[in-house]
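Text of upload.txt, listed as compact mmCIF, C-alpha atoms:
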```txt
# COMPACT_ATOMS: atom_id res chain seq x y z
CA MET A 628 -8.70 22.08 -11.31
CA ALA A 629 -7.57 18.83 -9.71
CA ARG A 630 -10.17 16.45 -8.33
CA GLN A 631 -10.46 16.33 -4.57
CA VAL A 632 -9.14 13.15 -2.96
CA VAL A 633 -11.86 11.34 -1.02
CA LYS A 634 -10.55 9.88 2.24
CA THR A 635 -10.86 6.12 2.62
CA GLU A 636 -11.49 4.52 6.02
CA THR A 637 -8.61 2.59 7.60
CA PRO A 638 -9.19 -1.19 7.48
CA ASN A 639 -9.24 -3.27 10.66
CA PHE A 640 -5.66 -3.94 11.80
CA ASN A 641 -6.61 -7.20 13.55
CA GLU A 642 -7.51 -9.23 10.48
CA PRO A 643 -5.01 -11.35 8.52
CA LEU A 644 -3.07 -9.50 5.86
CA THR A 645 -3.91 -10.37 2.25
CA PRO A 646 -2.97 -8.59 -0.98
CA GLU A 647 -6.44 -7.01 -1.05
CA ARG A 648 -6.21 -5.79 2.55
CA LEU A 649 -2.70 -4.41 2.03
CA GLY A 650 -4.03 -2.52 -0.99
CA LYS A 651 -6.81 -1.09 1.17
CA PHE A 652 -4.28 0.05 3.78
CA ILE A 653 -2.18 1.72 1.10
CA ARG A 654 -5.22 3.44 -0.44
CA ALA A 655 -6.40 4.58 3.00
CA ARG A 656 -3.01 6.06 3.83
CA ARG A 657 -2.73 7.80 0.47
CA THR A 658 -6.22 9.28 0.56
CA GLN A 659 -6.05 10.28 4.23
CA ASP A 660 -2.89 12.22 3.35
CA GLY A 661 -4.77 13.89 0.47
CA ILE A 662 -2.45 12.45 -2.20
CA ASP A 663 -3.93 11.62 -5.59
CA MET A 664 -2.88 8.51 -7.52
CA ASN A 665 -0.79 10.44 -10.06
CA THR A 666 1.25 12.14 -7.34
CA ALA A 667 1.68 8.96 -5.28
CA ALA A 668 2.85 7.03 -8.34
CA MET A 669 5.31 9.76 -9.26
CA MET A 670 6.63 10.02 -5.68
CA SER A 671 7.05 6.23 -5.52
CA ASN A 672 8.61 5.96 -8.98
CA VAL A 673 5.98 3.47 -10.16
CA SER A 674 3.41 3.77 -12.91
CA ILE A 675 -0.18 4.74 -12.19
CA ALA A 676 -1.19 1.31 -13.48
CA THR A 677 1.13 -0.36 -10.97
CA LEU A 678 -0.25 1.73 -8.10
CA HIS A 679 -3.78 0.88 -9.24
CA ARG A 680 -2.92 -2.85 -9.23
CA ILE A 681 -1.38 -2.56 -5.74
CA GLU A 682 -4.40 -0.75 -4.31
CA ASN A 683 -6.70 -3.37 -5.84
CA GLY A 684 -4.74 -6.29 -4.39
CA ASN A 685 -3.47 -7.70 -7.67
CA GLU A 686 -1.29 -10.66 -6.70
CA LYS A 687 0.96 -10.28 -9.75
CA THR A 688 2.42 -6.97 -8.56
CA THR A 689 6.08 -7.23 -7.58
CA ILE A 690 7.11 -6.98 -3.96
CA ALA A 691 9.65 -4.32 -5.04
CA ALA A 692 6.87 -2.06 -6.33
CA ILE A 693 4.75 -2.66 -3.23
CA LEU A 694 7.67 -1.79 -0.96
CA LYS A 695 8.43 1.39 -2.94
CA VAL A 696 4.86 2.59 -2.44
CA CYS A 697 4.76 1.57 1.23
CA ASN A 698 8.05 3.33 1.95
CA THR A 699 6.93 6.48 0.14
CA LEU A 700 3.58 6.67 1.94
CA GLY A 701 4.84 5.61 5.36
CA VAL A 702 3.04 2.27 5.46
CA HIS A 703 5.27 0.11 7.64
CA LEU A 704 5.46 -3.62 7.09
CA MET A 705 7.44 -5.67 9.55
CA VAL A 706 8.58 -9.19 10.13
CA GLU A 707 8.03 -10.35 13.66
CA PRO A 708 10.59 -12.58 15.38
CA TRP A 709 9.84 -16.27 15.51
CA GLU A 710 11.10 -19.05 17.69
CA GLU A 711 13.98 -20.83 16.02
CA LYS A 712 13.87 -24.60 15.93
CA ASP A 713 16.81 -26.99 16.05
CA VAL A 714 17.69 -28.13 12.57
```

Can you give me the file's structure in the form of structure tokens?
Amino acid sequence: MARQVVKTETPNFNEPLTPERLGKFIRARRTQDGIDMNTAAMMSNVSIATLHRIENGNEKTTIAAILKVCNTLGVHLMVEPWEEKDV
């Protein structure tokens, strides 16, 4: 029998984003959806080790892997417009 996924609380959205905080958001989304690590890794086409590194904020994880997981789980990252300066 599969282990039950324990839901993780959503981090505060108003704090600066760091690799560790992004990992916490990803873990919270995954667990709140009841998805275990094996399934999330398979759905995202990344290894379990890679997903573990992402959720733990490992800075050496590739942006491509992070984006795969975010897109799979529905974690939306966005770039906000900035004011362009004369060059």

At a cut-off of 12 Å, using all atoms listed in the file, what residues contact Ile653 in chain A? Leave out same-chain residues fewer than 4 positions from it and give the result as a PyMOL selection string.
chain A and resi 634-638+646-649+657-660+662+664+667-668+678-684+693-704

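Going from CA of Pro708 in chain A to CA of Ala692 in chain A covers 24.4 Å.
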
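Atom pair CA of Thr688 in chain A / CA of Arg654 in chain A: separated by 15.3 Å.
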
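Here CA of Arg656 in chain A stands at a distance of 18.3 Å from CA of Ile690 in chain A.
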
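Among the candidates A:Glu686, A:Phe652, A:Met669, A:Val714, the residue lying nearest to Phe640 in chain A is A:Phe652 (atoms considered: all atoms listed in the file).
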